[in-house]
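This is structure.pdb. It holds PDB, C-alpha atoms.
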```
ATOM      1  CA  ASP G   1      44.753  94.656 -22.232  1.00  0.00           C
ATOM      2  CA  ALA G   2      45.168  91.173 -23.672  1.00  0.00           C
ATOM      3  CA  GLY G   3      41.599  90.195 -22.925  1.00  0.00           C
ATOM      4  CA  VAL G   4      40.479  87.052 -21.163  1.00  0.00           C
ATOM      5  CA  ILE G   5      43.144  84.399 -21.519  1.00  0.00           C
ATOM      6  CA  GLN G   6      42.358  80.717 -21.379  1.00  0.00           C
ATOM      7  CA  SER G   7      44.665  77.742 -21.474  1.00  0.00           C
ATOM      8  CA  PRO G   8      45.069  75.295 -22.965  1.00  0.00           C
ATOM      9  CA  ARG G   9      43.293  75.965 -26.279  1.00  0.00           C
ATOM     10  CA  HIS G  10      42.873  72.257 -26.855  1.00  0.00           C
ATOM     11  CA  GLU G  11      42.945  69.358 -24.431  1.00  0.00           C
ATOM     12  CA  VAL G  12      42.659  65.704 -25.332  1.00  0.00           C
ATOM     13  CA  THR G  13      42.557  63.234 -22.494  1.00  0.00           C
ATOM     14  CA  GLU G  14      41.413  59.761 -21.662  1.00  0.00           C
ATOM     15  CA  MET G  15      38.382  58.926 -19.626  1.00  0.00           C
ATOM     16  CA  GLY G  16      39.129  58.909 -15.921  1.00  0.00           C
ATOM     17  CA  GLN G  17      41.919  61.440 -16.087  1.00  0.00           C
ATOM     18  CA  GLU G  18      41.885  64.744 -14.267  1.00  0.00           C
ATOM     19  CA  VAL G  19      41.531  67.847 -16.419  1.00  0.00           C
ATOM     20  CA  THR G  20      42.326  71.397 -15.342  1.00  0.00           C
ATOM     21  CA  LEU G  21      41.286  74.398 -17.377  1.00  0.00           C
ATOM     22  CA  ARG G  22      42.747  77.802 -16.635  1.00  0.00           C
ATOM     23  CA  CYS G  23      41.561  81.363 -16.996  1.00  0.00           C
ATOM     24  CA  LYS G  24      43.015  84.803 -16.492  1.00  0.00           C
ATOM     25  CA  PRO G  25      40.300  87.493 -16.496  1.00  0.00           C
ATOM     26  CA  ILE G  26      40.732  91.060 -17.620  1.00  0.00           C
ATOM     27  CA  SER G  27      42.459  93.086 -14.958  1.00  0.00           C
ATOM     28  CA  GLY G  28      39.986  95.027 -12.848  1.00  0.00           C
ATOM     29  CA  HIS G  29      37.016  92.832 -13.642  1.00  0.00           C
ATOM     30  CA  ASP G  30      35.273  91.674 -10.488  1.00  0.00           C
ATOM     31  CA  TYR G  31      33.150  88.963 -12.070  1.00  0.00           C
ATOM     32  CA  LEU G  32      34.333  85.733 -13.635  1.00  0.00           C
ATOM     33  CA  PHE G  33      32.139  83.176 -15.343  1.00  0.00           C
ATOM     34  CA  TRP G  34      32.655  79.651 -16.616  1.00  0.00           C
ATOM     35  CA  TYR G  35      30.428  78.552 -19.513  1.00  0.00           C
ATOM     36  CA  ARG G  36      30.227  75.256 -21.350  1.00  0.00           C
ATOM     37  CA  GLN G  37      29.167  75.013 -24.982  1.00  0.00           C
ATOM     38  CA  THR G  38      27.912  71.822 -26.597  1.00  0.00           C
ATOM     39  CA  MET G  39      25.884  71.120 -29.679  1.00  0.00           C
ATOM     40  CA  MET G  40      23.128  69.545 -27.644  1.00  0.00           C
ATOM     41  CA  ARG G  41      22.783  72.079 -24.852  1.00  0.00           C
ATOM     42  CA  GLY G  42      24.222  75.263 -26.300  1.00  0.00           C
ATOM     43  CA  LEU G  43      25.860  77.706 -23.891  1.00  0.00           C
ATOM     44  CA  GLU G  44      25.393  76.897 -20.246  1.00  0.00           C
ATOM     45  CA  LEU G  45      26.577  78.901 -17.268  1.00  0.00           C
ATOM     46  CA  LEU G  46      28.429  76.580 -14.917  1.00  0.00           C
ATOM     47  CA  ILE G  47      29.536  78.926 -12.150  1.00  0.00           C
ATOM     48  CA  TYR G  48      30.424  82.511 -11.528  1.00  0.00           C
ATOM     49  CA  PHE G  49      32.594  84.366  -9.037  1.00  0.00           C
ATOM     50  CA  ASN G  50      32.419  87.846  -7.577  1.00  0.00           C
ATOM     51  CA  ASN G  51      35.628  89.148  -6.042  1.00  0.00           C
ATOM     52  CA  ASN G  52      37.050  85.609  -6.045  1.00  0.00           C
ATOM     53  CA  VAL G  53      34.058  84.188  -4.168  1.00  0.00           C
ATOM     54  CA  PRO G  54      31.797  81.613  -5.862  1.00  0.00           C
ATOM     55  CA  ILE G  55      28.301  83.078  -5.972  1.00  0.00           C
ATOM     56  CA  ASP G  56      26.243  80.680  -8.048  1.00  0.00           C
ATOM     57  CA  ASP G  57      27.395  77.163  -8.866  1.00  0.00           C
ATOM     58  CA  SER G  58      23.976  75.776  -9.665  1.00  0.00           C
ATOM     59  CA  GLY G  59      25.060  75.079 -13.215  1.00  0.00           C
ATOM     60  CA  MET G  60      27.895  72.759 -12.248  1.00  0.00           C
ATOM     61  CA  PRO G  61      26.726  69.406 -13.592  1.00  0.00           C
ATOM     62  CA  GLU G  62      27.974  67.165 -10.800  1.00  0.00           C
ATOM     63  CA  ASP G  63      30.562  66.696  -8.092  1.00  0.00           C
ATOM     64  CA  ARG G  64      33.208  65.770 -10.613  1.00  0.00           C
ATOM     65  CA  PHE G  65      33.361  69.453 -11.503  1.00  0.00           C
ATOM     66  CA  SER G  66      34.986  72.019  -9.252  1.00  0.00           C
ATOM     67  CA  ALA G  67      36.101  75.595  -9.755  1.00  0.00           C
ATOM     68  CA  LYS G  68      38.383  77.848  -7.782  1.00  0.00           C
ATOM     69  CA  MET G  69      39.547  81.423  -7.901  1.00  0.00           C
ATOM     70  CA  PRO G  70      42.501  81.787  -5.565  1.00  0.00           C
ATOM     71  CA  ASN G  71      43.103  85.404  -6.574  1.00  0.00           C
ATOM     72  CA  ALA G  72      41.693  88.130  -8.783  1.00  0.00           C
ATOM     73  CA  SER G  73      43.799  87.153 -11.771  1.00  0.00           C
ATOM     74  CA  PHE G  74      43.376  83.399 -11.948  1.00  0.00           C
ATOM     75  CA  SER G  75      40.684  80.752 -11.958  1.00  0.00           C
ATOM     76  CA  THR G  76      40.599  77.031 -12.621  1.00  0.00           C
ATOM     77  CA  LEU G  77      37.890  74.603 -13.620  1.00  0.00           C
ATOM     78  CA  LYS G  78      38.731  71.028 -12.750  1.00  0.00           C
ATOM     79  CA  ILE G  79      37.051  67.814 -13.851  1.00  0.00           C
ATOM     80  CA  GLN G  80      37.976  64.693 -11.925  1.00  0.00           C
ATOM     81  CA  PRO G  81      37.467  62.053 -13.184  1.00  0.00           C
ATOM     82  CA  SER G  82      36.675  63.141 -16.727  1.00  0.00           C
ATOM     83  CA  GLU G  83      34.117  61.352 -18.894  1.00  0.00           C
ATOM     84  CA  PRO G  84      33.471  61.405 -22.655  1.00  0.00           C
ATOM     85  CA  ARG G  85      30.249  63.364 -22.130  1.00  0.00           C
ATOM     86  CA  ASP G  86      32.335  66.207 -20.711  1.00  0.00           C
ATOM     87  CA  SER G  87      33.684  66.868 -24.192  1.00  0.00           C
ATOM     88  CA  ALA G  88      32.781  70.451 -25.018  1.00  0.00           C
ATOM     89  CA  VAL G  89      34.180  73.927 -25.414  1.00  0.00           C
ATOM     90  CA  TYR G  90      34.638  75.630 -22.075  1.00  0.00           C
ATOM     91  CA  PHE G  91      34.589  79.414 -22.038  1.00  0.00           C
ATOM     92  CA  CYS G  92      35.724  81.772 -19.361  1.00  0.00           C
ATOM     93  CA  ALA G  93      34.317  85.304 -19.321  1.00  0.00           C
ATOM     94  CA  SER G  94      34.725  88.340 -17.123  1.00  0.00           C
ATOM     95  CA  SER G  95      32.920  91.616 -16.535  1.00  0.00           C
ATOM     96  CA  LEU G  96      33.167  94.807 -14.533  1.00  0.00           C
ATOM     97  CA  THR G  97      31.086  95.386 -11.458  1.00  0.00           C
ATOM     98  CA  LEU G  98      28.860  98.317 -12.415  1.00  0.00           C
ATOM     99  CA  ASP G  99      25.266  97.389 -13.181  1.00  0.00           C
ATOM    100  CA  ARG G 100      25.748  93.716 -13.380  1.00  0.00           C
ATOM    101  CA  ALA G 101      22.673  92.718 -15.326  1.00  0.00           C
ATOM    102  CA  LYS G 102      23.604  95.192 -18.048  1.00  0.00           C
ATOM    103  CA  GLU G 103      27.296  94.726 -18.175  1.00  0.00           C
ATOM    104  CA  LYS G 104      28.663  92.946 -21.178  1.00  0.00           C
ATOM    105  CA  LEU G 105      30.787  89.869 -20.890  1.00  0.00           C
ATOM    106  CA  PHE G 106      34.262  89.563 -22.336  1.00  0.00           C
ATOM    107  CA  PHE G 107      34.910  86.024 -23.428  1.00  0.00           C
ATOM    108  CA  GLY G 108      38.108  84.087 -23.787  1.00  0.00           C
ATOM    109  CA  SER G 109      38.759  81.980 -26.864  1.00  0.00           C
ATOM    110  CA  GLY G 110      37.733  78.826 -25.072  1.00  0.00           C
ATOM    111  CA  THR G 111      39.245  75.427 -24.350  1.00  0.00           C
ATOM    112  CA  GLN G 112      38.210  72.611 -26.647  1.00  0.00           C
ATOM    113  CA  LEU G 113      38.088  69.521 -24.443  1.00  0.00           C
ATOM    114  CA  SER G 114      37.937  66.028 -25.892  1.00  0.00           C
ATOM    115  CA  VAL G 115      37.644  63.098 -23.518  1.00  0.00           C
ATOM    116  CA  LEU G 116      38.275  59.780 -25.263  1.00  0.00           C
TER     117      LEU G 116
ATOM    118  CA  ALA O   1      11.094  80.356 -16.515  1.00  0.00           C
ATOM    119  CA  GLN O   2      13.246  82.638 -18.568  1.00  0.00           C
ATOM    120  CA  SER O   3      14.133  81.428 -22.033  1.00  0.00           C
ATOM    121  CA  VAL O   4      15.459  82.615 -25.340  1.00  0.00           C
ATOM    122  CA  THR O   5      14.429  81.089 -28.642  1.00  0.00           C
ATOM    123  CA  GLN O   6      16.261  81.452 -31.909  1.00  0.00           C
ATOM    124  CA  PRO O   7      14.013  79.670 -34.398  1.00  0.00           C
ATOM    125  CA  ASP O   8      16.573  79.415 -37.184  1.00  0.00           C
ATOM    126  CA  ILE O   9      19.471  77.035 -36.646  1.00  0.00           C
ATOM    127  CA  HIS O  10      21.108  77.736 -40.007  1.00  0.00           C
ATOM    128  CA  ILE O  11      20.687  80.617 -42.424  1.00  0.00           C
ATOM    129  CA  THR O  12      22.416  81.091 -45.749  1.00  0.00           C
ATOM    130  CA  VAL O  13      22.443  84.414 -47.575  1.00  0.00           C
ATOM    131  CA  SER O  14      24.281  85.821 -50.530  1.00  0.00           C
ATOM    132  CA  GLU O  15      26.885  88.468 -50.020  1.00  0.00           C
ATOM    133  CA  GLY O  16      25.286  91.882 -50.288  1.00  0.00           C
ATOM    134  CA  ALA O  17      21.845  90.621 -49.348  1.00  0.00           C
ATOM    135  CA  SER O  18      19.982  91.817 -46.291  1.00  0.00           C
ATOM    136  CA  LEU O  19      19.848  89.731 -43.135  1.00  0.00           C
ATOM    137  CA  GLU O  20      17.432  89.275 -40.295  1.00  0.00           C
ATOM    138  CA  LEU O  21      18.052  86.835 -37.447  1.00  0.00           C
ATOM    139  CA  ARG O  22      15.121  86.145 -35.187  1.00  0.00           C
ATOM    140  CA  CYS O  23      15.093  86.078 -31.415  1.00  0.00           C
ATOM    141  CA  ASN O  24      12.178  85.660 -29.041  1.00  0.00           C
ATOM    142  CA  TYR O  25      12.398  85.732 -25.291  1.00  0.00           C
ATOM    143  CA  SER O  26      10.283  84.764 -22.359  1.00  0.00           C
ATOM    144  CA  TYR O  27      10.796  86.884 -19.285  1.00  0.00           C
ATOM    145  CA  GLY O  28       8.322  88.508 -16.942  1.00  0.00           C
ATOM    146  CA  ALA O  29      10.174  91.719 -16.193  1.00  0.00           C
ATOM    147  CA  THR O  30      11.856  94.266 -18.417  1.00  0.00           C
ATOM    148  CA  PRO O  31      14.542  92.358 -20.229  1.00  0.00           C
ATOM    149  CA  TYR O  32      18.089  93.312 -20.911  1.00  0.00           C
ATOM    150  CA  LEU O  33      18.817  91.934 -24.351  1.00  0.00           C
ATOM    151  CA  PHE O  34      22.068  91.185 -26.092  1.00  0.00           C
ATOM    152  CA  TRP O  35      23.375  89.857 -29.378  1.00  0.00           C
ATOM    153  CA  TYR O  36      26.758  88.151 -29.415  1.00  0.00           C
ATOM    154  CA  VAL O  37      28.706  86.812 -32.377  1.00  0.00           C
ATOM    155  CA  GLN O  38      31.093  83.879 -32.342  1.00  0.00           C
ATOM    156  CA  SER O  39      33.585  83.432 -35.145  1.00  0.00           C
ATOM    157  CA  PRO O  40      35.086  79.964 -35.645  1.00  0.00           C
ATOM    158  CA  GLY O  41      37.543  79.111 -32.903  1.00  0.00           C
ATOM    159  CA  GLN O  42      36.856  82.315 -31.041  1.00  0.00           C
ATOM    160  CA  GLY O  43      34.976  83.422 -27.981  1.00  0.00           C
ATOM    161  CA  LEU O  44      31.794  85.434 -28.118  1.00  0.00           C
ATOM    162  CA  GLN O  45      31.903  89.138 -28.908  1.00  0.00           C
ATOM    163  CA  LEU O  46      29.157  91.583 -28.054  1.00  0.00           C
ATOM    164  CA  LEU O  47      27.430  93.115 -31.091  1.00  0.00           C
ATOM    165  CA  LEU O  48      24.850  95.254 -29.323  1.00  0.00           C
ATOM    166  CA  LYS O  49      22.623  95.468 -26.288  1.00  0.00           C
ATOM    167  CA  TYR O  50      19.290  96.931 -25.274  1.00  0.00           C
ATOM    168  CA  PHE O  51      18.374  98.162 -21.809  1.00  0.00           C
ATOM    169  CA  SER O  52      15.797 100.899 -22.251  1.00  0.00           C
ATOM    170  CA  GLY O  53      14.931 103.902 -24.384  1.00  0.00           C
ATOM    171  CA  ASP O  54      15.056 103.785 -28.136  1.00  0.00           C
ATOM    172  CA  THR O  55      13.887 100.371 -29.245  1.00  0.00           C
ATOM    173  CA  LEU O  56      16.177 100.398 -32.276  1.00  0.00           C
ATOM    174  CA  VAL O  57      19.767  99.909 -31.203  1.00  0.00           C
ATOM    175  CA  GLN O  58      22.874 100.162 -33.293  1.00  0.00           C
ATOM    176  CA  GLY O  59      25.818  97.884 -32.846  1.00  0.00           C
ATOM    177  CA  ILE O  60      29.217  97.201 -34.264  1.00  0.00           C
ATOM    178  CA  LYS O  61      29.931  95.955 -37.775  1.00  0.00           C
ATOM    179  CA  GLY O  62      26.812  97.609 -39.172  1.00  0.00           C
ATOM    180  CA  PHE O  63      24.325  95.511 -37.203  1.00  0.00           C
ATOM    181  CA  GLU O  64      21.167  96.791 -35.588  1.00  0.00           C
ATOM    182  CA  ALA O  65      18.378  95.210 -33.587  1.00  0.00           C
ATOM    183  CA  GLU O  66      14.854  96.234 -32.735  1.00  0.00           C
ATOM    184  CA  PHE O  67      13.138  95.476 -29.459  1.00  0.00           C
ATOM    185  CA  LYS O  68       9.424  94.800 -29.830  1.00  0.00           C
ATOM    186  CA  ARG O  69       7.804  94.275 -26.482  1.00  0.00           C
ATOM    187  CA  SER O  70       4.442  93.270 -27.951  1.00  0.00           C
ATOM    188  CA  GLN O  71       6.105  90.436 -29.836  1.00  0.00           C
ATOM    189  CA  SER O  72       8.716  89.594 -27.200  1.00  0.00           C
ATOM    190  CA  SER O  73      11.282  89.840 -29.941  1.00  0.00           C
ATOM    191  CA  PHE O  74      14.710  91.302 -30.476  1.00  0.00           C
ATOM    192  CA  ASN O  75      15.617  90.579 -34.084  1.00  0.00           C
ATOM    193  CA  LEU O  76      19.057  91.342 -35.464  1.00  0.00           C
ATOM    194  CA  ARG O  77      19.390  92.970 -38.871  1.00  0.00           C
ATOM    195  CA  LYS O  78      22.003  94.053 -41.332  1.00  0.00           C
ATOM    196  CA  PRO O  79      21.176  95.725 -44.658  1.00  0.00           C
ATOM    197  CA  SER O  80      24.080  94.228 -46.613  1.00  0.00           C
ATOM    198  CA  VAL O  81      25.947  91.144 -45.497  1.00  0.00           C
ATOM    199  CA  HIS O  82      29.679  90.724 -46.009  1.00  0.00           C
ATOM    200  CA  TRP O  83      31.452  87.380 -46.336  1.00  0.00           C
ATOM    201  CA  SER O  84      33.223  88.095 -43.046  1.00  0.00           C
ATOM    202  CA  ASP O  85      29.861  88.051 -41.253  1.00  0.00           C
ATOM    203  CA  ALA O  86      29.750  84.265 -41.521  1.00  0.00           C
ATOM    204  CA  ALA O  87      29.659  83.154 -37.901  1.00  0.00           C
ATOM    205  CA  GLU O  88      27.303  81.969 -35.208  1.00  0.00           C
ATOM    206  CA  TYR O  89      25.027  84.510 -33.604  1.00  0.00           C
ATOM    207  CA  PHE O  90      23.603  84.250 -30.118  1.00  0.00           C
ATOM    208  CA  CYS O  91      20.762  86.183 -28.605  1.00  0.00           C
ATOM    209  CA  ALA O  92      20.765  86.459 -24.813  1.00  0.00           C
ATOM    210  CA  VAL O  93      18.629  87.909 -22.059  1.00  0.00           C
ATOM    211  CA  GLY O  94      20.162  89.357 -18.919  1.00  0.00           C
ATOM    212  CA  LEU O  95      18.231  88.782 -15.739  1.00  0.00           C
ATOM    213  CA  SER O  96      17.572  91.847 -13.657  1.00  0.00           C
ATOM    214  CA  GLY O  97      17.678  91.701  -9.920  1.00  0.00           C
ATOM    215  CA  GLY O  98      21.260  91.575  -9.070  1.00  0.00           C
ATOM    216  CA  TYR O  99      23.739  89.662 -11.088  1.00  0.00           C
ATOM    217  CA  ASN O 100      25.121  89.205 -14.517  1.00  0.00           C
ATOM    218  CA  LYS O 101      23.576  85.916 -15.536  1.00  0.00           C
ATOM    219  CA  LEU O 102      22.842  85.638 -19.212  1.00  0.00           C
ATOM    220  CA  ILE O 103      20.457  83.118 -20.697  1.00  0.00           C
ATOM    221  CA  PHE O 104      21.599  82.334 -24.218  1.00  0.00           C
ATOM    222  CA  GLY O 105      19.620  81.104 -27.159  1.00  0.00           C
ATOM    223  CA  ALA O 106      20.805  78.073 -29.074  1.00  0.00           C
ATOM    224  CA  GLY O 107      22.415  80.206 -31.748  1.00  0.00           C
ATOM    225  CA  THR O 108      21.959  80.749 -35.469  1.00  0.00           C
ATOM    226  CA  ARG O 109      24.760  79.764 -37.795  1.00  0.00           C
ATOM    227  CA  LEU O 110      25.092  82.148 -40.715  1.00  0.00           C
ATOM    228  CA  ALA O 111      26.695  81.115 -43.987  1.00  0.00           C
ATOM    229  CA  VAL O 112      27.420  83.708 -46.671  1.00  0.00           C
ATOM    230  CA  HIS O 113      27.623  82.764 -50.333  1.00  0.00           C
ATOM    231  CA  PRO O 114      29.860  84.872 -52.585  1.00  0.00           C
TER     232      PRO O 114
END
```
Show this structure as structure tokens.
Amino acid sequence: DAGVIQSPRHEVTEMGQEVTLRCKPISGHDYLFWYRQTMMRGLELLIYFNNNVPIDDSGMPEDRFSAKMPNASFSTLKIQPSEPRDSAVYFCASSLTLDRAKEKLFFGSGTQLSVL
Amino acid sequence: AQSVTQPDIHITVSEGASLELRCNYSYGATPYLFWYVQSPGQGLQLLLKYFSGDTLVQGIKGFEAEFKRSQSSFNLRKPSVHWSDAAEYFCAVGLSGGYNKLIFGAGTRLAVHP
């Protein structure tokens, strides 16, 4: 398996523009997570899905952020409108069902977002 | 509230030296504990995990960690560091009770001198 695939690897945009980050989880994984990593706040869980359904979005910073998972092999994280403080590395991760608290996460390589 | 503390932001060691990265957690129930490593430009990779049983767990790349309940610690160790170990290391606690939500520490960045 190719692992968790994220695109793009780098995104540079101007304030106010819409940004869409994409993720393809590992086939067969029922859980998908979006994390954000910044120097100030470290790794933060934004939202996670189980079987394509959003379960916990309490980490989504504000209404400008939205995430979807239209099918088991694809998810998007959208920021509209983007702001400079959204600049961060955004990671997607997936895991098998099993014992969820114990199951390890498989991370993608991340999307480095810079909002100018 | 659950939390994970990694007291050392940066650590520098010489190649071949031993390494210990500290991790303390705050969690009322039995914790599930993890160490992840992040190489530059890469996602996080699991090094090892502790759920129950033997408090000394072995991981990949020659790493091990010891769970000490009395100290609420889960320190990561390696007897001899290689230059390729330079990376950022994250300790995390998994919350029991239903879903795979990890609370990560702030990370420790390891530099290795030749």
Starting from the shown file, work through the PyMOL selection byres ((chain O) within 9 of (chain G)) and note down what comes out as a list in words.
Tyr32, Leu33, Phe34, Gly41, Gln42, Gly43, Leu44, Gln45, Leu46, Lys49, Tyr50, Phe51, Gly94, Leu95, Ser96, Gly97, Gly98, Tyr99, Asn100, Lys101, Leu102, Ile103, Phe104, Gly105, Ala106 and Gly107 of chain O
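Between CA of Val93 in chain O and CA of Glu64 in chain O the separation is 16.4 Å.
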Using only C-alpha atoms, which protein or nucleic acid residues come within 10 Å of range 76-78 of chain O? Drop anything in the same chain fewer than 2 positions from it, and give the result as a PDB file with C-alpha atoms, in the coordinates of the input.
```pdb
ATOM      1  CA  GLY O  16      25.286  91.882 -50.288  1.00  0.00           C
ATOM      2  CA  ALA O  17      21.845  90.621 -49.348  1.00  0.00           C
ATOM      3  CA  SER O  18      19.982  91.817 -46.291  1.00  0.00           C
ATOM      4  CA  LEU O  19      19.848  89.731 -43.135  1.00  0.00           C
ATOM      5  CA  GLU O  20      17.432  89.275 -40.295  1.00  0.00           C
ATOM      6  CA  LEU O  21      18.052  86.835 -37.447  1.00  0.00           C
ATOM      7  CA  ARG O  22      15.121  86.145 -35.187  1.00  0.00           C
ATOM      8  CA  CYS O  23      15.093  86.078 -31.415  1.00  0.00           C
ATOM      9  CA  PHE O  34      22.068  91.185 -26.092  1.00  0.00           C
ATOM     10  CA  TRP O  35      23.375  89.857 -29.378  1.00  0.00           C
ATOM     11  CA  LEU O  47      27.430  93.115 -31.091  1.00  0.00           C
ATOM     12  CA  LEU O  48      24.850  95.254 -29.323  1.00  0.00           C
ATOM     13  CA  VAL O  57      19.767  99.909 -31.203  1.00  0.00           C
ATOM     14  CA  GLN O  58      22.874 100.162 -33.293  1.00  0.00           C
ATOM     15  CA  GLY O  59      25.818  97.884 -32.846  1.00  0.00           C
ATOM     16  CA  LYS O  61      29.931  95.955 -37.775  1.00  0.00           C
ATOM     17  CA  GLY O  62      26.812  97.609 -39.172  1.00  0.00           C
ATOM     18  CA  PHE O  63      24.325  95.511 -37.203  1.00  0.00           C
ATOM     19  CA  GLU O  64      21.167  96.791 -35.588  1.00  0.00           C
ATOM     20  CA  ALA O  65      18.378  95.210 -33.587  1.00  0.00           C
ATOM     21  CA  GLU O  66      14.854  96.234 -32.735  1.00  0.00           C
ATOM     22  CA  PHE O  67      13.138  95.476 -29.459  1.00  0.00           C
ATOM     23  CA  SER O  73      11.282  89.840 -29.941  1.00  0.00           C
ATOM     24  CA  PHE O  74      14.710  91.302 -30.476  1.00  0.00           C
ATOM     25  CA  SER O  80      24.080  94.228 -46.613  1.00  0.00           C
ATOM     26  CA  VAL O  81      25.947  91.144 -45.497  1.00  0.00           C
ATOM     27  CA  HIS O  82      29.679  90.724 -46.009  1.00  0.00           C
ATOM     28  CA  ASP O  85      29.861  88.051 -41.253  1.00  0.00           C
ATOM     29  CA  TYR O  89      25.027  84.510 -33.604  1.00  0.00           C
ATOM     30  CA  PHE O  90      23.603  84.250 -30.118  1.00  0.00           C
ATOM     31  CA  CYS O  91      20.762  86.183 -28.605  1.00  0.00           C
TER      32      CYS O  91
END
```
Considering all atoms listed in the file, return as a PDB file with C-alpha atoms, in the coordinates of the input whatever protein or nucleic-acid residues lie within 8 Å of Cys23 in chain G, sequence-local ones (same chain, fewer than 5 positions apart) excluded.
```
ATOM      1  CA  VAL G   4      40.479  87.052 -21.163  1.00  0.00           C
ATOM      2  CA  ILE G   5      43.144  84.399 -21.519  1.00  0.00           C
ATOM      3  CA  GLN G   6      42.358  80.717 -21.379  1.00  0.00           C
ATOM      4  CA  SER G   7      44.665  77.742 -21.474  1.00  0.00           C
ATOM      5  CA  PHE G  74      43.376  83.399 -11.948  1.00  0.00           C
ATOM      6  CA  SER G  75      40.684  80.752 -11.958  1.00  0.00           C
ATOM      7  CA  THR G  76      40.599  77.031 -12.621  1.00  0.00           C
ATOM      8  CA  CYS G  92      35.724  81.772 -19.361  1.00  0.00           C
TER       9      CYS G  92
END
```
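Counting all atoms listed in the file and comparing G:Pro8, G:Ser73, G:Val53, G:Ser58, the residue that lies closest to Arg22 in chain G is G:Pro8.
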Separation of CA of Ser87 in chain G and CA of Asp63 in chain G, in Å?
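Straight-line distance from CA of Ser87 in chain G to CA of Asp63 in chain G works out to 16.4 Å.
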Measure the distance from CA of Ser84 in chain O to CA of Ser39 in chain O in Å and round it to one decimal.
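One can read the CA of Ser84 in chain O to CA of Ser39 in chain O distance as 9.2 Å.
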Would you mind telling me which residue in G:Val115, G:Ile79, G:Pro70, G:Ala88 lies nearest to Leu21 in chain G when using all atoms listed in the file?
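Counting all atoms listed in the file, the residue closest to Leu21 in chain G is G:Ile79.
Here the PyMOL selection byres ((chain G and resi 18) around 10) captures the residues G:Thr13, G:Glu14, G:Met15, G:Gly16, G:Gln17, G:Val19, G:Thr20, G:Arg64, G:Lys78, G:Ile79, G:Gln80, G:Pro81, G:Ser82, G:Glu83.
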Please enumerate the residues selected by the PyMOL selection byres ((chain O and resi 87) around 6) when evaluated against the supplied file, formatted as a list in words.
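What the PyMOL selection byres ((chain O and resi 87) around 6) grabs from the file is Gln38, Ser39, Asp85, Ala86, Glu88, Arg109 and Leu110 of chain O.
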Keeping only C-alpha atoms, write the selected residues to a file as a CSV table (one decimal), keeping the file's coordinate frame.
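Output (result.csv):
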```csv
chain,number,residue,atom,x,y,z
O,38,GLN,CA,31.1,83.9,-32.3
O,39,SER,CA,33.6,83.4,-35.1
O,85,ASP,CA,29.9,88.1,-41.3
O,86,ALA,CA,29.8,84.3,-41.5
O,88,GLU,CA,27.3,82.0,-35.2
O,109,ARG,CA,24.8,79.8,-37.8
O,110,LEU,CA,25.1,82.1,-40.7
```
Pick from O:Ser70, O:Thr108, O:Pro114, O:Ser26, whichever lies nearest to Gln2 in chain O using all atoms listed in the file
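Using all atoms listed in the file, the shortest distance to Gln2 in chain O belongs to O:Ser26.
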Counting only C-alpha atoms, which of G:Leu46, G:Asp57, G:Glu11, G:Ala2 gets nearest to Ser114 in chain G?
G:Glu11
Ala72 in chain G environment, 9 Å, only C-alpha atoms, sequence neighbours closer than 4 positions dropped, as a ChimeraX atom specification
/G:24-25,27-30,51-52
